[in-house]
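Report on one structure; see the data block that follows.
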Amino acid sequence: MVEKPKILLKEMGSSNFLFLNAPPFRAGSPVENMKEDISSLLVPGKRVKIRTKNGLSLSGLVLQRYEIFDPNYITLKLDNGYNIGVKVDNILEAEEEIVEERKASGEFVPETLPSEVVSKKKIHIIATGGTIASKIDYVTGGVTPVLKTEELLEMVPELRKIGEISSEILMSIFSENMAPPQWEEIAKRVYQYQQKEPGTGILLTHGTDTLTYTAAALSFALGKLSSPVAVLGSQRSSDRPSSDSAFNLIAASIYASSDICEVAAVMHGETGDSYALAHRGTRVRKMHSSRRDAFQSISSLPIAKIDPFTGNIKVLRSDARKCGNELLDKEIGKPNYKFSDKVSLLKFYPGMPPELIDFLVERGIKGIILEGTGLGHVSEQLIDSIKRATDSGIIVGMTTQCIFGSVNLNVYSTGRLLIKAGVIGLGNMLPETAYVKLSWALGNFGYEEAKRILLENIAGEYEERELPSYFPMWKHE
Amino acid sequence: MKKESSPHTSPCGSMSEVSDVETSLNWDHIGLKVGLEIHQQLKTERKLFCNCRNTLVEEGPEVIFERRLRPTRSELGEVDVAAYFEWKKGRIYEYHAPLLASCLVEADEEPPHSMNKEAIETALGVALAMDSRPVDEIHVMRKIVIDGSNTTGFQRTALVSIGGGLEIKGKKYRIQTICVEEDAARKGEEKDERISYVLDRLGIPLIEISTAPDINSPEEAIEVASWIGTLLRMTGKVRRGIGTIRQDLNVSIAGGEKVEIKGVQELEILPKAVSFEAMRQKKLLELKEELYRRGLKKDDIVFSPIDVTLILKSSKSKVVERNLSKTKGKAYAILLRNFKGLLGFELQPNRRFGTELADYARFYGDVKGLFHGDELPGYGITEEEVRKIYDSLGGDIEKDSFILIIDEEEKALKSLKAAIDRIKAAFDGVPKETRSILPDGTSKFMRPQPGAARMYPETDIPPIPVSDETLKRALSLKPPTPEEKKRFYEEALGLNPSLAEQLIGSEQQEMFERLHSRLKGKVDPTTIASLLLVHMVSMKREGIPVDNLNEEQIYESLVLLSEGKITKEGLPELIKLLSERPNAKPIDIAKSSGLLTMGEKEVRDIVKKIISENAKVIEERGERSKSLLMGLIMKELRGKAPGSLVAKLVEEELKSFIQHRS
């Protein structure tokens, strides 16, 4: 246990207790000069002893502060482990202390596990960002990604039992910064790896915010797979004991060593650590900003349910694509991994001005996915602009902002007007999936082909039968 | 086991008996030093990091889910030892999340909200009362705790002030730090690897006050703890009841080690906990001496387990049978030369050195327990079997001892290793450890003391500057010290010293303050205080349900008194009746039970009536019959007329009666 800060006290004047273990303040010292001395000491990484104007005597390590924090304070890590902020104006005196080597004592380094590999299945982890596997610096609180496979296996030793693990870092970016060029890069890398090491299951670690876009992108770009591809992330970063990252990594590895040849997002199934779900990459959506089980199949059923503790994987869909017949399949090995950045996803809202669409047209957009209301509607005001867009060769597809359910442009007159204006109803394809699909279609094919492909169910993006059980049962009492 | 008086079987010739130690330790002489860590739940409206109500619930809808926790690694590859072993045990935590008192934050499904200002200000108010200096900027930290009591795997805690102190009987006790932290979940059932917790308590704000190790006796420990407890209650912002205040302590004696003892909930246990720990350290130092006296060295203790499964294979002992029937169940023993009697050496009442070894074995190897030579034969293990174990270990039954663990092979070996390490540590005296309190004031090993790797910043909450405005509000919440308050009660309100003392920090104090201020001096403070602290307390003791009363009823009753509608004597009677009719209006009950005071004319009529009934006595005794009459009349009028009025009228009527007669 680290000693608590040493604080002595002494009776003085009206105040009962005062803190005195620093040399007495030299009365009349020019404060200006002292300020300068101090500022050179108060830099991150220095161990200092500080005396404050309100009578505190503190010693600790100066830490780096985040840029957004108030610059008028320094962060001090006290010997008892606590951080506090000290106002620079409140510092009377500061002196440097001899820095002790950081010791590894008191804590414990667990024994490394035997390196025997139980399973012959090969699993390759491609990291793109997020903190699914990271270590923490207990001093600064900073989190660094784990770079080496060995370290990863030390953190999640269970992985050894599932397969022979290898890993690489392809990129390290926040998922909100992912864009079509990154989808291309990722798809290319996955395809190359599968060519080089056939049969290897792929784990793609990803920040969670746009994870489902990338999952959909891979679903289209990679075409028919020769081995499973799991995209996963963590909703609780791995610097905390309650992180879901190990759970998701184990579950995704189980999926990656299965015989389901589809791109799936593998994440927590419910709030507890009981089971994970493998969701079809084109039907999954992040439905909550923070819950572990945020990822759910919408108007659909997950491909499989996985128990990370027993290794059991239960296939939930009869149409789950099995690995094994890839040699007979001519389409294997012909990925189309280009994505167009000339596609836009627009959410209609009451009062939306038609100029928004005109603007996109002027900017040379090639495709627009609309998120309409209800069965797929926008206000009549927009229809002329939409018509001008389709007339000029822009593909306009309609999805629903209700998220659940299908669009149907035949029911109301606005829908019929939209059809007349050239809008393509996209059934129950999710808006985000439709956006990714149109970007992919326009990236690889011409106008007519892209239009045709948009309506074709090529990666399970259309749920052909929507069952009553596909809508969540909200609890009201 | 045969008891002989060879030098080795009378184990601790020079060592004192546990019972003497308890009564005869001279605290100054052994250099006792104690520091307290007092944790008190705050009565804020909301929890510390979310908008849930600060309350415990016994009923209502709940969501149940299961989680596991996994130790995190520092960049040096280190993990918290206790965290690691909890994880190795494969613990499953079953959380019960009551919807009335927990949300996604407690379920670790949503980042924490900003820190509750009311809690910070209350804590800073307390800090100011002890002259502790608020920090300039508060940083919330995460302290790793993976026993499942926090869904996150860490406790959020923030240091809000440093230094300060208090003074009792002329002695000063320094305060080191004051922190605000979140309380942990309530532990429910524990069954094998499954532990359940209720999330209502998780996130309730706690103030943690740590004193310097300036306490030098068990009596001082209780004085300091109750002084701080009283100060905290003086804020009017603390929760009450069992479990709402908890003390951890660190205790050391000269030559010993600073040992942390966690979880003292009742103040009465505190002095016991201190003296039992002082005793334990003293006994461990004696044990160390004895080890050297016997010529033993640390290096003599080696981890050399011998498989004794065959000897115990057909044992009739239930424990042995059960553990050997596990897959890979094995019995391993290690000989301890020249150790006879040392494992049975008592360190605390009913806790022997062998008990300590067993605690270590449980923690590190997750076994149920450990046998040692000093307690066998026993537990169904026969003398014959014990002899065979000695033989196979090559030991002398008269001089040597052994430790024995029967469990799955890996567990058995791991836990024996832990026990051997603990025996080695005995050569150094007292190991630095964290212990948990047991109901009788003794304690058991909980974990090694955590290192700095347990604490790192809570990155989800930006630092909170302690602004002038915050300090101003803190100052307005600053409680008076118990001494200041007592002086106020005595000097300004005229309470007698014992009533004032009783009121300070009592459960009734807040109600007293409210009633007194609402009544604006129309009822004497002593009357209010004695109603709450004397009459109602004794009614409660008699089984009268005074807890049913609401404050409004008490207030209205006091108003009746101030208006002269009931008498001082009638007040307790009215309260008694009201407590049985919780929704009734005091005026109605006073009316229907005849507690309303009578007018002067009515009283005079009764006085006259009684005087005339007792004419004979009066004729005999004259003026001297006054006290007799007074008694008779009060009997009839008690609670209906103030005694002073009755006395005045008796005086007048008696005079006129006597004059009339003569």
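Residues are named by chain letter and number: chains run A, B, ... in the order of the structure tokens, numbers start at 1 in each chain, and ligands are numbered from 1 in the order shown.
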### Message
Could you work out which residues of chain B fall inside 7 Å of chain A? Count only C-alpha atoms, and format the result as a VMD selection string.
### Response
chain B and resid 65 to 75 77 to 81 109 to 110 131 135 to 139 141 151 to 153 159 163 to 165 176 449 to 453 455 to 457
### Message
At a cut-off of 12 Å, using only C-alpha atoms, what residues contact A:Thr310? Leave out same-chain residues fewer than 3 positions from it and give the result as a list in words.
### Response
Glu158, Lys161, Ile162, Ile250, Ala251, Ile254, Ser274, Tyr275, Ala276, Ile306, Asp307, Ile313 and Lys314 of chain A
Residue subset to file, keeping N, CA and C atoms, as a PDB file, in the first residue's frame:
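Final output, saved to part.pdb:
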```
ATOM      1  N   GLU A 158      -8.252 -17.819 -23.233  1.00  0.00           N
ATOM      2  CA  GLU A 158      -9.239 -18.762 -23.757  1.00  0.00           C
ATOM      3  C   GLU A 158      -9.134 -18.934 -25.267  1.00  0.00           C
ATOM      4  N   LYS A 161      -7.666 -22.046 -26.934  1.00  0.00           N
ATOM      5  CA  LYS A 161      -8.432 -23.289 -27.026  1.00  0.00           C
ATOM      6  C   LYS A 161      -9.274 -23.326 -28.294  1.00  0.00           C
ATOM      7  N   ILE A 162      -9.490 -22.166 -28.879  1.00  0.00           N
ATOM      8  CA  ILE A 162     -10.399 -22.113 -30.019  1.00  0.00           C
ATOM      9  C   ILE A 162      -9.649 -22.297 -31.333  1.00  0.00           C
ATOM     10  N   ILE A 250     -13.955 -13.920 -27.766  1.00  0.00           N
ATOM     11  CA  ILE A 250     -14.083 -15.374 -27.679  1.00  0.00           C
ATOM     12  C   ILE A 250     -15.237 -15.842 -28.572  1.00  0.00           C
ATOM     13  N   ALA A 251     -16.372 -15.136 -28.448  1.00  0.00           N
ATOM     14  CA  ALA A 251     -17.541 -15.535 -29.240  1.00  0.00           C
ATOM     15  C   ALA A 251     -17.247 -15.420 -30.734  1.00  0.00           C
ATOM     16  N   ILE A 254     -15.123 -18.205 -31.933  1.00  0.00           N
ATOM     17  CA  ILE A 254     -15.906 -19.427 -32.104  1.00  0.00           C
ATOM     18  C   ILE A 254     -16.634 -19.377 -33.453  1.00  0.00           C
ATOM     19  N   SER A 274     -24.155 -13.902 -20.987  1.00  0.00           N
ATOM     20  CA  SER A 274     -24.646 -15.261 -21.150  1.00  0.00           C
ATOM     21  C   SER A 274     -24.401 -15.796 -22.556  1.00  0.00           C
ATOM     22  N   TYR A 275     -24.832 -15.077 -23.577  1.00  0.00           N
ATOM     23  CA  TYR A 275     -24.590 -15.556 -24.933  1.00  0.00           C
ATOM     24  C   TYR A 275     -24.312 -14.386 -25.872  1.00  0.00           C
ATOM     25  N   ALA A 276     -23.680 -14.716 -26.971  1.00  0.00           N
ATOM     26  CA  ALA A 276     -23.427 -13.710 -27.998  1.00  0.00           C
ATOM     27  C   ALA A 276     -24.259 -14.075 -29.217  1.00  0.00           C
ATOM     28  N   ILE A 306     -24.197 -17.947 -29.732  1.00  0.00           N
ATOM     29  CA  ILE A 306     -22.917 -18.534 -29.336  1.00  0.00           C
ATOM     30  C   ILE A 306     -22.753 -18.477 -27.829  1.00  0.00           C
ATOM     31  N   ASP A 307     -22.356 -19.591 -27.237  1.00  0.00           N
ATOM     32  CA  ASP A 307     -22.040 -19.624 -25.808  1.00  0.00           C
ATOM     33  C   ASP A 307     -20.524 -19.603 -25.663  1.00  0.00           C
ATOM     34  N   ILE A 313     -22.107 -23.343 -30.590  1.00  0.00           N
ATOM     35  CA  ILE A 313     -22.683 -22.384 -31.524  1.00  0.00           C
ATOM     36  C   ILE A 313     -23.944 -23.011 -32.107  1.00  0.00           C
ATOM     37  N   LYS A 314     -25.041 -22.279 -31.977  1.00  0.00           N
ATOM     38  CA  LYS A 314     -26.321 -22.815 -32.432  1.00  0.00           C
ATOM     39  C   LYS A 314     -26.788 -21.982 -33.628  1.00  0.00           C
TER      40      LYS A 314
END
```
### Query
Could you name the residues that touch B:Gly521 at 12 Å or less, counting only C-alpha atoms, but leaving out those on the same chain fewer than 6 positions away, as a ChimeraX atom specification?
/B:492-494,513-515,527-528,558-559,562
### Message
Applying 9 Å and only C-alpha atoms, which residues near A:Ser167 remain after dropping the ones on its own chain fewer than 5 positions away? List them as JSON, numbers by chain.
### Response
{"A": [123, 124, 125, 126, 127, 147, 148, 149, 203]}
### Task
For B:Ser114, list every protein, DNA or RNA residue within 8 Å, evaluated using only C-alpha atoms, and leave out those in the same chain fewer than 3 positions away; present the list as a PyMOL selection string.
chain B and resi 49-50+461
### Task
Determine which residues of stretch 163-334 of chain B DSSP labels as strand (DSSP E or B) from the backbone of this structure, then write them out as a PyMOL selection string.
chain B and resi 165-168+171-182+186-191+194-198+205-211+215+238+245-252+259-264+306-307+329-334
### Task
Pick out the residues sitting within 8 Å of A:Cys323, and hand them over as a ChimeraX atom specification; count only C-alpha atoms, and ignore anything fewer than 2 positions along from it in its own chain.
/A:225-228,259-261,321,325-326
Next, write the just-selected residues to a file, as a CSV table (one decimal), in the first residue's frame, keeping C-alpha atoms as the atom set.
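Result written to part.csv:
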```csv
chain,number,residue,atom,x,y,z
A,225,LEU,CA,-16.9,-16.4,-48.8
A,226,SER,CA,-14.6,-19.4,-48.4
A,227,SER,CA,-14.3,-18.9,-44.6
A,228,PRO,CA,-16.2,-17.1,-41.9
A,259,ASP,CA,-18.5,-23.5,-40.9
A,260,ILE,CA,-20.8,-20.6,-41.5
A,261,CYS,CA,-19.4,-18.7,-44.5
A,321,ARG,CA,-24.6,-20.2,-45.8
A,325,ASN,CA,-18.8,-25.9,-51.7
A,326,GLU,CA,-16.6,-22.9,-52.5
```
